[in-house]
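Q: Please see the structure below; I have some questions.
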Amino acid sequence: MMYRNLFLATLALMAIAACSPESTSDSNTTLSLQWEIVASPAQGTDETHSMLTITNNTADTLGATGWSIYFNTGVARVADVDTTVAGIELVNGDFFRFYPRGEWQPLAPGATVAINVMSRRLRNFTDIPKGFYLVSDDHPAGVSLPLAVAPFAQADSLEMVLATQVYEQNADIADLPLAQLPPVLPTPLSYAYTADAFTLTAADVTINADTAFADEAAYLKDELAMVLTQTPKLVDEPVGASIVLHQREGIHPEGYRLLVDANGVAIEATTPAGAFYGIQSLKGLLPSSAWAEKKASITLQGVTITDGPRFAHRAVMLDVARNFQTKEQVMKVLDLLALHKVNVMHFHFSEDEAWRLEILGLPELTEVGARRGHTLDDAEWLMPSYGSGPDVASATGSGFYSRADYIELLRYATKRHIRVIPEIETPGHARAAIKSMDARYRAFIAKGDTAAATQYLLRDLDDQSEYRSIQNWDDNIINVALPSSYAFLEKVVDELIAMHKEAGAPLQTIHFGGDEVPDGVWEKSPAVHQLMASAAGVAHVDDLWHHFFGRINDMLQSRGLYLSGWEEIGMKKAVVDGRRKMVVEPRFANENFHTDVWNNLGDNVDLAYRLANAGYQVVLTNVTNFYIDLAYNSSFYEPGQYWGGYVDVEKPFRFAPYDYYRSLATQASGEQLTDQGRANIVGLQAPLWSEIITSPKRMEYLLLPKLYGLAERAWAASPAWATEPDDGKADELYAADWSVFLNTVAKRELPRASHYAGGFAYRIPTAGVVEQSGKLHANVQLPGFAIRYTVDGSEPTEQSMRYTEPLAAEGTVAFRVFDGEGRGGRTVYWK
């Protein structure tokens with residue numbers, strides 16, 4: 001049980017550490033909490049039964065009135081047996097209040113009380129309610145409460161079952177020598193190793209580039225300065241053994257040719273982007289240890305590479321709205337994306353829970369919308385979400401990018417040939433913007449300036465519509481009938497255009513969201529009814545969708561931009577077989593809408609292909625394969641969401657863009673791609689949503705090694721197994737490619753990631769374990785990673801015995817995987 005106690009102690013420490021100095025109290029001077037999962041699911045339900053125990057560590061009695069405990073979670077309620085003692089009520093979103101009721105008995109100093117709580121199913125530890133804090137007459141601003149999580153025996157009993165499944169998944173992975181692996185990842189179109197070698201010597205290496213590639217040469221100089229003891233020189237003419245960047249016509253716009261021989265390194269490309277990707281491959285040829293310590297010389301094996309991308313749009317979406325990441329962390333991720341030839345960062349900076357970008361002339365967006373802390377009216381800042389707590393100084397709840405920060409990020413990305421697509425979430429997921437403009441309204445009304453107050457207002461003040469978004473908000477939808485809503489969006493768009501222009505960063509499109517607008521919205525809005533009475537083609541609230549995105553499209557086109565959004569921008573509500581559902585909207589099909597299609601669940605399994613066939617430009621963003629914020633597997637101890645399934649490193653790798661039905665774990669089929677539809681698939685995207693990402697470490701854990709699968713599928717040529725009609729042969733081809741990919745990840749990419757750009761806290765896999773004939777057999781997904789074990793129930797360390805042969809299945813045997821840096825993953829206990 002040691003590993004459980006260690007894990008849970010870590011959780012408790014995390015809860016305490018997350019509290020700021022202003023709001024944290026010593027557990028001996030406030031209340032302390034314990035959360036214990038009693039049963040999940042509780043008998044006869046699909047809910048989780050938990051026990052919340054409150055201990056009074058103060059010198060004062062906790063009375064029956066005058067206090068509440070606030071926290072964030074999914075839907076929760078006090079169990080029927082305790083409803084006369086306490087209650088839980090939804091405030092808004094994931095924000096709840098726990099409060100005493102009539103039969104609450106005063107809690108004396110040192111006393112405890114246990115309350116039964118029922119909630120939606122808690123499937124892993126990140127589901128456990130978080131961000132608890134006390135608000136009372138003595139603590140009106142809120143004081144954070146430490147939370148301990150009790151051991152969950154039911155979860156432990158499932159770990160061995162999962163370990164056996166992992167063992168079976170790993171069984172056919174071959175351990176391959178480096179000579180059988182591609183030289184870089186993603187896999188080039190063609191390559192050949194040679195007997196030559198070239199040594200980069202710090203004192204002698206020079207870089208010569210044609211004029212068109214001057215910026216790329218300067219970038220290469222800076223990159224090599226990170227691994228060599230002396231900075232290379234840029235020269236006008238090649239000098240001896242050197243690196244040369246030549247412009248050559250006729251190569252794919254993002255393609256390149258690379259040659260390493262005894263004379264040096266030559267990279268040929270037609271465009272700066274192609275030269276840049278040649279440089280990334282050159283960096284990939286350096287030993288993985290090159291970034292650990294600067295060296296006087298580095299030897300490269302001779303190789304020839306001819307390369308170019310499969311898709312022009314290779315994207316990762318970063319959600320910095322729900323939980324904030326610093327400018328420096330975003331830059332670190334940009335370095336990683338560039339190394340693996342990802343060329344789009346979809347920047348999700350606005351959400352219900354925060355607005356993260358300074359917009360000149362609208363200071364409320366960051367003064368109010370970028371801060372979270374204790375509030376019930378959102379007047380000065382937004383209420384806590386995702387456990388951000390009562391303190392507005394919370395590092396993940398509060399924070400934004402100044403105009404200067406964003407311009408710096410844009411320049412950093414542009415230097416790395418990464419396009420930044422900013423997303424303004426509309427009309428849903430817009431609560432932060434709405435509340436910010438409400439604050440602006442109040443400020444100007446107080447000055448008697450009604451015109452300024454209503455200039456950018458995003459809601460109809462007389463709207464009595466009732467709704468709940470899928471995230472439980474009842475006030476997060478922009479009213480699309482108001483002229484002020486369009487004035488606001490035009491203002492933000494023009495400021496974005498200005499920032500991209502000042503940064504010298506390309507801006508071809510702005511993403512306008514469009515997802516998850518609930519039923520009931522706008523139905524009782526006088527402004528909407530006035531619009532319906534006067535505007536042609538708006539006879540029903542459902543027609544507002546076409547009206548809104550038609551206006552947004554016109555606005556963007558007038559500025560030389562095209563519209564991007566989630567799939568709903570190309571859909572509408574209709575009655576099909578007696579029920580309302582979303583169907584493809586044909587009226588926008590030829591407007592160059594770029595749709596990020598995530599929903600391939602249930603009846604929507606073929607939605608991406610239906611939209612592409614109808615004429616929409618489609619970025620495949622399938623939840624089942626590319627939502628890399630989803631947990632790696634079903635373990636209770638794996639962080640991540642799971643509503644769309646589980647996504648490990650294999651899910652992106654096994655994705656077949658033009659026949660993704662073959663990529664699904666279950667048999668599925670639907671509309672097939674037409675030739676036109678195939679031409680409308682513009683690329684792939686992996687979103688990293690941040691509901692549970694409360695630190696850079698967790699962000700990197702979920703990002704790597706999953707990112708490698710996205711990079712491979714978006715850049716590398718179509719693999720033979722994806723089009724092989726014979727299932728048996730396809731399986732054989734896939735198994736071979738899968739082994740090559742995992743060996744490349746394990747022996748080249750992750751060792752590099754340990755130090756590259758400061759080092760990444762990637763996920764180390766758990767060991768696969770199976771018991772056969774009284775012996776325990778163990779294996780690992782990543783060849784070359786070590787499995788270490790103990791037989792006394794303690795957690796293995798780097799000094800523990802290395803697993804080399806089956807062990808006797810006696811007592812408690814603990815298995816833990818370690819990388820080459822001595823960093824261990826989660827321990828698997830077999831007993």
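In the structure tokens, each chain is lettered A, B, ... as it comes, each chain's residues begin at 1, and ligands are numbered from 1 in order of appearance.
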Please return, as a short mmCIF file (atom, residue, chain, number, x, y, z; two decimals) with N, CA, C and O atoms, in the first residue's frame, all residues of stretch 100-341 of chain A that DSSP assigns to strand (DSSP E) on the basis of the backbone.
A:
data_model
loop_
_atom_site.label_atom_id
_atom_site.label_comp_id
_atom_site.auth_asym_id
_atom_site.auth_seq_id
_atom_site.Cartn_x
_atom_site.Cartn_y
_atom_site.Cartn_z
N PRO A 100 -24.03 24.46 5.74
CA PRO A 100 -24.76 23.75 6.80
C PRO A 100 -26.26 23.97 6.67
O PRO A 100 -26.71 25.02 6.20
N THR A 112 -14.68 16.13 14.29
CA THR A 112 -14.85 15.86 12.86
C THR A 112 -16.30 15.55 12.56
O THR A 112 -17.05 15.13 13.44
N VAL A 113 -16.65 15.76 11.29
CA VAL A 113 -17.96 15.36 10.81
C VAL A 113 -17.79 14.78 9.41
O VAL A 113 -16.99 15.28 8.63
N ALA A 114 -18.50 13.71 9.11
CA ALA A 114 -18.41 13.06 7.81
C ALA A 114 -19.74 13.19 7.09
O ALA A 114 -20.80 12.90 7.66
N ILE A 115 -19.68 13.63 5.84
CA ILE A 115 -20.87 13.87 5.03
C ILE A 115 -20.81 12.98 3.80
O ILE A 115 -19.78 12.94 3.09
N ASN A 116 -21.88 12.27 3.50
CA ASN A 116 -21.97 11.46 2.30
C ASN A 116 -22.27 12.35 1.09
O ASN A 116 -23.19 13.18 1.15
N VAL A 117 -21.51 12.18 0.03
CA VAL A 117 -21.67 12.98 -1.17
C VAL A 117 -21.84 12.06 -2.37
O VAL A 117 -21.08 11.09 -2.53
N MET A 118 -22.79 12.36 -3.20
CA MET A 118 -22.96 11.65 -4.48
C MET A 118 -22.56 12.61 -5.60
O MET A 118 -22.84 13.81 -5.54
N SER A 119 -21.90 12.09 -6.61
CA SER A 119 -21.43 12.93 -7.71
C SER A 119 -21.46 12.14 -8.99
O SER A 119 -21.68 10.92 -8.99
N ARG A 120 -21.20 12.83 -10.08
CA ARG A 120 -21.00 12.09 -11.32
C ARG A 120 -19.84 11.12 -11.11
O ARG A 120 -19.04 11.28 -10.21
N LYS A 130 -11.81 19.85 -6.17
CA LYS A 130 -10.57 20.55 -5.84
C LYS A 130 -10.85 22.02 -5.55
O LYS A 130 -11.95 22.51 -5.81
N GLY A 131 -9.83 22.69 -5.05
CA GLY A 131 -9.94 24.13 -4.81
C GLY A 131 -10.84 24.49 -3.64
O GLY A 131 -11.47 25.55 -3.64
N PHE A 132 -10.91 23.65 -2.62
CA PHE A 132 -11.78 23.92 -1.47
C PHE A 132 -11.29 25.16 -0.71
O PHE A 132 -10.09 25.32 -0.46
N TYR A 133 -12.24 26.00 -0.33
CA TYR A 133 -11.89 27.12 0.55
C TYR A 133 -13.10 27.53 1.38
O TYR A 133 -14.25 27.34 0.98
N LEU A 134 -12.79 28.09 2.53
CA LEU A 134 -13.81 28.50 3.49
C LEU A 134 -14.07 29.99 3.37
O LEU A 134 -13.14 30.80 3.34
N VAL A 135 -15.33 30.35 3.29
CA VAL A 135 -15.74 31.75 3.38
C VAL A 135 -16.64 31.87 4.61
O VAL A 135 -17.61 31.12 4.75
N SER A 136 -16.29 32.79 5.49
CA SER A 136 -17.05 32.96 6.73
C SER A 136 -17.02 34.43 7.13
O SER A 136 -16.39 35.26 6.47
N VAL A 143 -10.40 31.40 2.62
CA VAL A 143 -9.14 30.82 3.06
C VAL A 143 -9.07 29.39 2.54
O VAL A 143 -10.01 28.60 2.73
N SER A 144 -8.01 29.06 1.84
CA SER A 144 -7.90 27.73 1.22
C SER A 144 -7.79 26.65 2.28
O SER A 144 -7.17 26.84 3.34
N LEU A 147 -6.62 19.51 1.42
CA LEU A 147 -7.43 18.33 1.12
C LEU A 147 -6.52 17.10 1.06
O LEU A 147 -5.55 17.07 0.29
N ALA A 148 -6.84 16.11 1.85
CA ALA A 148 -6.19 14.80 1.74
C ALA A 148 -7.15 13.85 1.05
O ALA A 148 -8.37 13.98 1.19
N VAL A 149 -6.60 12.92 0.29
CA VAL A 149 -7.43 11.95 -0.41
C VAL A 149 -7.11 10.57 0.14
O VAL A 149 -5.95 10.14 0.16
N SER A 190 12.31 9.79 -48.21
CA SER A 190 13.33 8.79 -48.55
C SER A 190 14.62 9.16 -47.86
O SER A 190 14.89 10.34 -47.58
N TYR A 191 15.42 8.15 -47.55
CA TYR A 191 16.70 8.38 -46.91
C TYR A 191 17.60 7.17 -47.14
O TYR A 191 17.12 6.06 -47.42
N ALA A 192 18.89 7.40 -47.02
CA ALA A 192 19.86 6.31 -47.14
C ALA A 192 21.08 6.68 -46.32
O ALA A 192 21.62 7.79 -46.44
N TYR A 193 21.50 5.76 -45.48
CA TYR A 193 22.74 5.95 -44.73
C TYR A 193 23.93 5.65 -45.64
O TYR A 193 23.84 4.84 -46.56
N THR A 194 25.05 6.32 -45.38
CA THR A 194 26.27 6.07 -46.15
C THR A 194 27.41 5.76 -45.17
O THR A 194 27.26 5.88 -43.95
N ALA A 195 28.54 5.38 -45.73
CA ALA A 195 29.70 5.06 -44.90
C ALA A 195 30.46 6.30 -44.46
O ALA A 195 31.41 6.21 -43.67
N ASP A 196 30.08 7.45 -45.00
CA ASP A 196 30.78 8.69 -44.65
C ASP A 196 30.45 9.14 -43.23
O ASP A 196 29.50 8.65 -42.60
N ALA A 197 31.23 10.09 -42.75
CA ALA A 197 30.96 10.74 -41.47
C ALA A 197 31.49 12.16 -41.56
O ALA A 197 32.42 12.46 -42.30
N PHE A 198 30.87 13.04 -40.81
CA PHE A 198 31.32 14.42 -40.75
C PHE A 198 31.32 14.86 -39.30
O PHE A 198 30.36 14.62 -38.56
N THR A 199 32.41 15.49 -38.88
CA THR A 199 32.53 15.96 -37.51
C THR A 199 32.38 17.47 -37.45
O THR A 199 33.14 18.22 -38.08
N LEU A 200 31.36 17.90 -36.72
CA LEU A 200 31.17 19.33 -36.44
C LEU A 200 32.15 19.70 -35.34
O LEU A 200 32.03 19.22 -34.20
N THR A 201 33.13 20.51 -35.65
CA THR A 201 34.12 20.94 -34.67
C THR A 201 33.86 22.38 -34.28
O THR A 201 33.79 23.27 -35.14
N THR A 206 31.60 26.36 -39.95
CA THR A 206 31.07 27.60 -40.50
C THR A 206 29.75 27.31 -41.20
O THR A 206 29.46 26.18 -41.58
N ILE A 207 28.96 28.37 -41.37
CA ILE A 207 27.66 28.25 -42.04
C ILE A 207 27.64 29.26 -43.18
O ILE A 207 27.88 30.45 -42.97
N ASN A 208 27.34 28.76 -44.36
CA ASN A 208 27.20 29.61 -45.54
C ASN A 208 25.81 29.41 -46.10
O ASN A 208 25.33 28.29 -46.22
N ALA A 209 25.13 30.52 -46.42
CA ALA A 209 23.76 30.42 -46.92
C ALA A 209 23.54 31.39 -48.06
O ALA A 209 24.09 32.49 -48.08
N LYS A 233 30.47 30.38 -37.11
CA LYS A 233 30.54 31.65 -37.81
C LYS A 233 29.70 31.59 -39.08
O LYS A 233 29.65 30.56 -39.76
N LEU A 234 29.04 32.70 -39.39
CA LEU A 234 28.37 32.85 -40.67
C LEU A 234 29.37 33.43 -41.66
O LEU A 234 30.00 34.47 -41.37
N VAL A 235 29.53 32.78 -42.82
CA VAL A 235 30.52 33.22 -43.80
C VAL A 235 29.86 33.42 -45.16
O VAL A 235 28.82 32.83 -45.46
N SER A 242 32.00 22.53 -44.08
CA SER A 242 31.06 23.50 -43.52
C SER A 242 29.62 23.07 -43.77
O SER A 242 29.36 22.05 -44.42
N ILE A 243 28.70 23.87 -43.27
CA ILE A 243 27.27 23.66 -43.51
C ILE A 243 26.82 24.72 -44.51
O ILE A 243 27.04 25.92 -44.30
N VAL A 244 26.21 24.29 -45.58
CA VAL A 244 25.76 25.22 -46.60
C VAL A 244 24.25 25.08 -46.81
O VAL A 244 23.71 23.98 -46.77
N LEU A 245 23.59 26.22 -47.01
CA LEU A 245 22.16 26.27 -47.30
C LEU A 245 22.00 26.86 -48.69
O LEU A 245 22.28 28.04 -48.90
N HIS A 246 21.56 26.03 -49.63
CA HIS A 246 21.45 26.46 -51.02
C HIS A 246 19.98 26.55 -51.43
O HIS A 246 19.18 25.67 -51.11
N GLN A 247 19.63 27.59 -52.17
CA GLN A 247 18.30 27.69 -52.74
C GLN A 247 18.29 26.99 -54.10
O GLN A 247 19.12 27.27 -54.96
N TYR A 256 12.84 19.65 -48.65
CA TYR A 256 14.27 19.92 -48.63
C TYR A 256 15.02 18.65 -49.05
O TYR A 256 14.48 17.54 -49.06
N ARG A 257 16.29 18.86 -49.40
CA ARG A 257 17.22 17.76 -49.58
C ARG A 257 18.39 18.00 -48.65
O ARG A 257 18.91 19.13 -48.55
N LEU A 258 18.83 16.96 -47.96
CA LEU A 258 19.91 17.08 -46.99
C LEU A 258 20.97 16.03 -47.28
O LEU A 258 20.64 14.84 -47.47
N LEU A 259 22.21 16.44 -47.28
CA LEU A 259 23.33 15.53 -47.51
C LEU A 259 24.38 15.76 -46.43
O LEU A 259 24.80 16.89 -46.18
N VAL A 260 24.76 14.67 -45.77
CA VAL A 260 25.88 14.69 -44.84
C VAL A 260 26.95 13.75 -45.40
O VAL A 260 26.68 12.55 -45.59
N ASP A 261 28.12 14.29 -45.71
CA ASP A 261 29.24 13.46 -46.16
C ASP A 261 30.52 13.99 -45.55
O ASP A 261 30.50 14.90 -44.69
N GLY A 264 31.01 17.84 -45.36
CA GLY A 264 30.18 18.72 -44.56
C GLY A 264 28.71 18.40 -44.69
O GLY A 264 28.33 17.25 -44.96
N VAL A 265 27.89 19.42 -44.53
CA VAL A 265 26.43 19.28 -44.60
C VAL A 265 25.90 20.24 -45.65
O VAL A 265 26.27 21.42 -45.66
N ALA A 266 25.04 19.74 -46.52
CA ALA A 266 24.40 20.58 -47.52
C ALA A 266 22.89 20.42 -47.41
O ALA A 266 22.38 19.30 -47.36
N ILE A 267 22.20 21.55 -47.32
CA ILE A 267 20.74 21.56 -47.30
C ILE A 267 20.27 22.37 -48.50
O ILE A 267 20.68 23.52 -48.68
N GLU A 268 19.42 21.77 -49.31
CA GLU A 268 18.85 22.45 -50.47
C GLU A 268 17.34 22.56 -50.29
O GLU A 268 16.68 21.63 -49.82
N ALA A 269 16.80 23.72 -50.66
CA ALA A 269 15.37 23.96 -50.55
C ALA A 269 15.00 25.08 -51.50
O ALA A 269 15.86 25.85 -51.96
N SER A 297 33.14 18.85 -30.20
CA SER A 297 32.89 18.28 -31.52
C SER A 297 31.77 17.26 -31.45
O SER A 297 31.56 16.63 -30.41
N ILE A 298 31.06 17.13 -32.56
CA ILE A 298 29.96 16.17 -32.67
C ILE A 298 30.08 15.51 -34.03
O ILE A 298 30.15 16.20 -35.07
N THR A 299 30.06 14.19 -34.06
CA THR A 299 30.19 13.46 -35.32
C THR A 299 28.82 13.01 -35.82
O THR A 299 28.02 12.46 -35.05
N LEU A 300 28.58 13.28 -37.10
CA LEU A 300 27.34 12.89 -37.75
C LEU A 300 27.60 11.76 -38.72
O LEU A 300 28.60 11.76 -39.45
N GLN A 301 26.69 10.81 -38.75
CA GLN A 301 26.79 9.73 -39.74
C GLN A 301 26.37 10.25 -41.10
O GLN A 301 25.47 11.09 -41.21
N GLY A 302 27.03 9.74 -42.14
CA GLY A 302 26.66 10.12 -43.48
C GLY A 302 25.24 9.68 -43.82
O GLY A 302 24.82 8.57 -43.48
N VAL A 303 24.48 10.55 -44.49
CA VAL A 303 23.11 10.23 -44.85
C VAL A 303 22.65 11.16 -45.96
O VAL A 303 23.16 12.29 -46.10
N THR A 304 21.74 10.69 -46.76
CA THR A 304 21.05 11.54 -47.73
C THR A 304 19.56 11.45 -47.45
O THR A 304 19.02 10.36 -47.22
N ILE A 305 18.91 12.60 -47.45
CA ILE A 305 17.47 12.66 -47.15
C ILE A 305 16.80 13.54 -48.20
O ILE A 305 17.29 14.63 -48.52
N THR A 306 15.69 13.04 -48.73
CA THR A 306 14.80 13.84 -49.56
C THR A 306 13.45 13.83 -48.88
O THR A 306 12.93 12.76 -48.54
N ASP A 307 12.88 15.01 -48.67
CA ASP A 307 11.73 15.05 -47.77
C ASP A 307 10.76 16.17 -48.15
O ASP A 307 11.12 17.14 -48.82
N HIS A 313 -1.22 21.57 -43.30
CA HIS A 313 -1.71 22.08 -42.01
C HIS A 313 -1.42 21.02 -40.94
O HIS A 313 -2.09 19.99 -40.87
N ARG A 314 -0.41 21.29 -40.11
CA ARG A 314 0.03 20.34 -39.08
C ARG A 314 -0.02 21.09 -37.75
O ARG A 314 0.86 21.88 -37.44
N ALA A 315 -1.06 20.82 -36.98
CA ALA A 315 -1.40 21.76 -35.90
C ALA A 315 -1.48 21.11 -34.54
O ALA A 315 -1.87 19.94 -34.39
N VAL A 316 -1.13 21.92 -33.54
CA VAL A 316 -1.44 21.63 -32.14
C VAL A 316 -2.21 22.82 -31.59
O VAL A 316 -1.86 23.97 -31.84
N MET A 317 -3.30 22.54 -30.88
CA MET A 317 -4.08 23.59 -30.24
C MET A 317 -3.69 23.66 -28.76
O MET A 317 -3.75 22.65 -28.07
N LEU A 318 -3.29 24.83 -28.31
CA LEU A 318 -2.98 25.05 -26.90
C LEU A 318 -4.10 25.86 -26.26
O LEU A 318 -4.40 26.97 -26.68
N ASP A 319 -4.71 25.28 -25.24
CA ASP A 319 -5.72 25.98 -24.45
C ASP A 319 -5.00 26.62 -23.26
O ASP A 319 -4.58 25.94 -22.33
#
Q: Kindly assemble as a Markdown table a list of the stretch 671-773 of chain A residues that lie within 9 Å of stretch 332-350 of chain A, each paired with its nearest atom pair and their distance in Å to one decimal, using only C-alpha atoms, sorted first by chain and then by ascending residue number.
A:
| residue | atom | partner | partner_atom | distance |
| --- | --- | --- | --- | --- |
| A:Gln685 | CA | A:Val344 | CA | 8.7 |
| A:Pro687 | CA | A:His346 | CA | 8.4 |
| A:Trp689 | CA | A:His348 | CA | 8.9 |
| A:Glu700 | CA | A:Val333 | CA | 8.7 |
| A:Leu707 | CA | A:Leu337 | CA | 8.4 |
| A:Tyr708 | CA | A:His340 | CA | 7.6 |
| A:Leu710 | CA | A:Val342 | CA | 8.8 |
| A:Ala711 | CA | A:His340 | CA | 6.1 |
| A:Glu712 | CA | A:His340 | CA | 8.4 |
| A:Ala714 | CA | A:Val342 | CA | 8.1 |
| A:Trp715 | CA | A:Lys341 | CA | 7.5 |
| A:Ala753 | CA | A:Leu336 | CA | 8.4 |
| A:Tyr756 | CA | A:Leu336 | CA | 8.0 |
| A:Ala757 | CA | A:Lys332 | CA | 6.0 |
| A:Gly758 | CA | A:Lys332 | CA | 7.9 |
Q: For A:Asp82, which residue out of A:Trp104, A:Phe549, A:Tyr646, A:Trp721 is the nearest one, using only C-alpha atoms?
A: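 Among A:Trp104, A:Phe549, A:Tyr646, A:Trp721, it is A:Trp104 that comes nearest to A:Asp82.
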Q: Have a look at A:Thr84, A:Thr229, A:Ser281, A:Asn124 and name the one nearest to A:Glu293; count only C-alpha atoms.
A: A:Thr229
Q: Using only C-alpha atoms, pick whichever of A:Glu159, A:Asp80, A:Asp462, A:Asp46 has the shortest atom-to-atom distance to A:Gly768.
A: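 The shortest atom-to-atom distance to A:Gly768 comes from A:Glu159.
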Q: Determine the nearest neighbour of A:Glu89 from the options A:Thr326, A:Thr73, A:Gln105, A:Thr426, counting only C-alpha atoms.
A: A:Thr73
Q: What does the distance from atom CA of A:Val780 to atom CA of A:Gly709 come to in Å, to one decimal?
A: 18.1 Å
Q: Which of stretch 287-464 of chain A end up as alpha helix (DSSP H) when DSSP is run on this backbone - answer as an MDAnalysis selection string?
A: chainID A and resid 327:339 364:367 403:415 431:446 450:454
Q: Need the shell around A:Pro272: protein/DNA/RNA residues with any atom at most 7 Å away, counting only C-alpha atoms. Skip same-chain ones fewer than 3 positions apart. Format as a list of chain:residue names?
A: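 Skipping anything fewer than 3 positions along the chain leaves A:Ala212, A:Phe213, A:Glu216, A:Ala275, A:Phe276.
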Q: Keeping only all heavy atoms, take the residues you just selected and write them out as a PDB file, in the first residue's frame.
A:
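Result saved to part.pdb:
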ATOM      1  N   ALA A 212      18.560  34.204 -49.683  1.00  0.00           N
ATOM      2  CA  ALA A 212      17.162  33.912 -49.346  1.00  0.00           C
ATOM      3  C   ALA A 212      17.028  33.200 -48.008  1.00  0.00           C
ATOM      4  O   ALA A 212      15.959  33.231 -47.385  1.00  0.00           O
ATOM      5  CB  ALA A 212      16.523  33.072 -50.450  1.00  0.00           C
ATOM      6  N   PHE A 213      18.110  32.562 -47.554  1.00  0.00           N
ATOM      7  CA  PHE A 213      18.044  31.772 -46.326  1.00  0.00           C
ATOM      8  C   PHE A 213      18.861  32.401 -45.198  1.00  0.00           C
ATOM      9  O   PHE A 213      19.301  31.714 -44.275  1.00  0.00           O
ATOM     10  CB  PHE A 213      18.543  30.350 -46.593  1.00  0.00           C
ATOM     11  CG  PHE A 213      17.744  29.591 -47.625  1.00  0.00           C
ATOM     12  CD1 PHE A 213      18.320  28.574 -48.355  1.00  0.00           C
ATOM     13  CD2 PHE A 213      16.411  29.907 -47.876  1.00  0.00           C
ATOM     14  CE1 PHE A 213      17.596  27.864 -49.308  1.00  0.00           C
ATOM     15  CE2 PHE A 213      15.675  29.215 -48.826  1.00  0.00           C
ATOM     16  CZ  PHE A 213      16.264  28.192 -49.547  1.00  0.00           C
ATOM     17  N   GLU A 216      17.343  31.798 -41.742  1.00  0.00           N
ATOM     18  CA  GLU A 216      17.475  30.401 -41.327  1.00  0.00           C
ATOM     19  C   GLU A 216      18.914  30.098 -40.907  1.00  0.00           C
ATOM     20  O   GLU A 216      19.153  29.338 -39.958  1.00  0.00           O
ATOM     21  CB  GLU A 216      17.035  29.465 -42.448  1.00  0.00           C
ATOM     22  CG  GLU A 216      15.526  29.385 -42.646  1.00  0.00           C
ATOM     23  CD  GLU A 216      14.896  30.717 -43.038  1.00  0.00           C
ATOM     24  OE1 GLU A 216      15.488  31.424 -43.893  1.00  0.00           O
ATOM     25  OE2 GLU A 216      13.816  31.056 -42.512  1.00  0.00           O
ATOM     26  N   ALA A 275      14.132  25.185 -46.124  1.00  0.00           N
ATOM     27  CA  ALA A 275      15.457  25.228 -45.505  1.00  0.00           C
ATOM     28  C   ALA A 275      15.347  25.028 -43.997  1.00  0.00           C
ATOM     29  O   ALA A 275      16.169  24.326 -43.384  1.00  0.00           O
ATOM     30  CB  ALA A 275      16.134  26.557 -45.825  1.00  0.00           C
ATOM     31  N   PHE A 276      14.327  25.633 -43.387  1.00  0.00           N
ATOM     32  CA  PHE A 276      14.135  25.496 -41.948  1.00  0.00           C
ATOM     33  C   PHE A 276      13.897  24.035 -41.564  1.00  0.00           C
ATOM     34  O   PHE A 276      14.463  23.544 -40.577  1.00  0.00           O
ATOM     35  CB  PHE A 276      12.961  26.358 -41.503  1.00  0.00           C
ATOM     36  CG  PHE A 276      12.666  26.281 -40.037  1.00  0.00           C
ATOM     37  CD1 PHE A 276      13.402  27.038 -39.142  1.00  0.00           C
ATOM     38  CD2 PHE A 276      11.663  25.461 -39.552  1.00  0.00           C
ATOM     39  CE1 PHE A 276      13.141  26.963 -37.771  1.00  0.00           C
ATOM     40  CE2 PHE A 276      11.397  25.385 -38.198  1.00  0.00           C
ATOM     41  CZ  PHE A 276      12.139  26.145 -37.302  1.00  0.00           C
TER      42      PHE A 276
END
Q: For the contact check between stretch 639-751 of chain A and stretch 781-803 of chain A, emit one row per residue of stretch 639-751 of chain A within 10 Å, containing the shortest atom pair and the distance in Å rounded to one decimal, counting only C-alpha atoms, chain then rising number order, as a tab-separated table.
A:
residue	atom	partner	partner_atom	distance
A:Ser739	CA	A:Pro783	CA	8.8
A:Phe741	CA	A:Leu782	CA	9.7
A:Leu742	CA	A:Leu782	CA	5.9
A:Asn743	CA	A:Pro783	CA	5.8
A:Thr744	CA	A:Leu782	CA	9.2
A:Val745	CA	A:Leu782	CA	7.6
A:Ala746	CA	A:Leu782	CA	5.3
A:Lys747	CA	A:Gly784	CA	7.0
A:Leu750	CA	A:Leu782	CA	9.9
Q: Tell me, as a list in words, which residues lie within 9 Å of A:Ile510, counting only C-alpha atoms; anything in the same chain fewer than 6 positions away does not count.
A: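 These residues fall inside the cut-off: Ile421, Pro422, Glu423, Ile424, Val493, Leu496, Leu556, Leu561, Tyr562, Leu563, Ser564 and Gly565 of chain A.
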Q: Keeping only C-alpha atoms, write the selected residues to a file as an mmCIF file, in the first residue's frame.
A:
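File produced: again-v3.cif:
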data_model
loop_
_atom_site.group_PDB
_atom_site.id
_atom_site.type_symbol
_atom_site.label_atom_id
_atom_site.label_comp_id
_atom_site.auth_asym_id
_atom_site.auth_seq_id
_atom_site.Cartn_x
_atom_site.Cartn_y
_atom_site.Cartn_z
ATOM 1 C CA ILE A 421 -4.207 31.030 -35.412
ATOM 2 C CA PRO A 422 -5.891 33.004 -32.612
ATOM 3 C CA GLU A 423 -9.292 31.833 -31.443
ATOM 4 C CA ILE A 424 -12.051 34.138 -30.260
ATOM 5 C CA VAL A 493 -10.215 41.339 -34.894
ATOM 6 C CA LEU A 496 -5.314 41.053 -33.651
ATOM 7 C CA LEU A 556 -13.294 38.670 -42.154
ATOM 8 C CA LEU A 561 -9.104 36.722 -43.997
ATOM 9 C CA TYR A 562 -11.047 33.476 -44.083
ATOM 10 C CA LEU A 563 -13.123 31.980 -41.276
ATOM 11 C CA SER A 564 -12.012 29.028 -39.178
ATOM 12 C CA GLY A 565 -14.075 27.362 -36.480
#
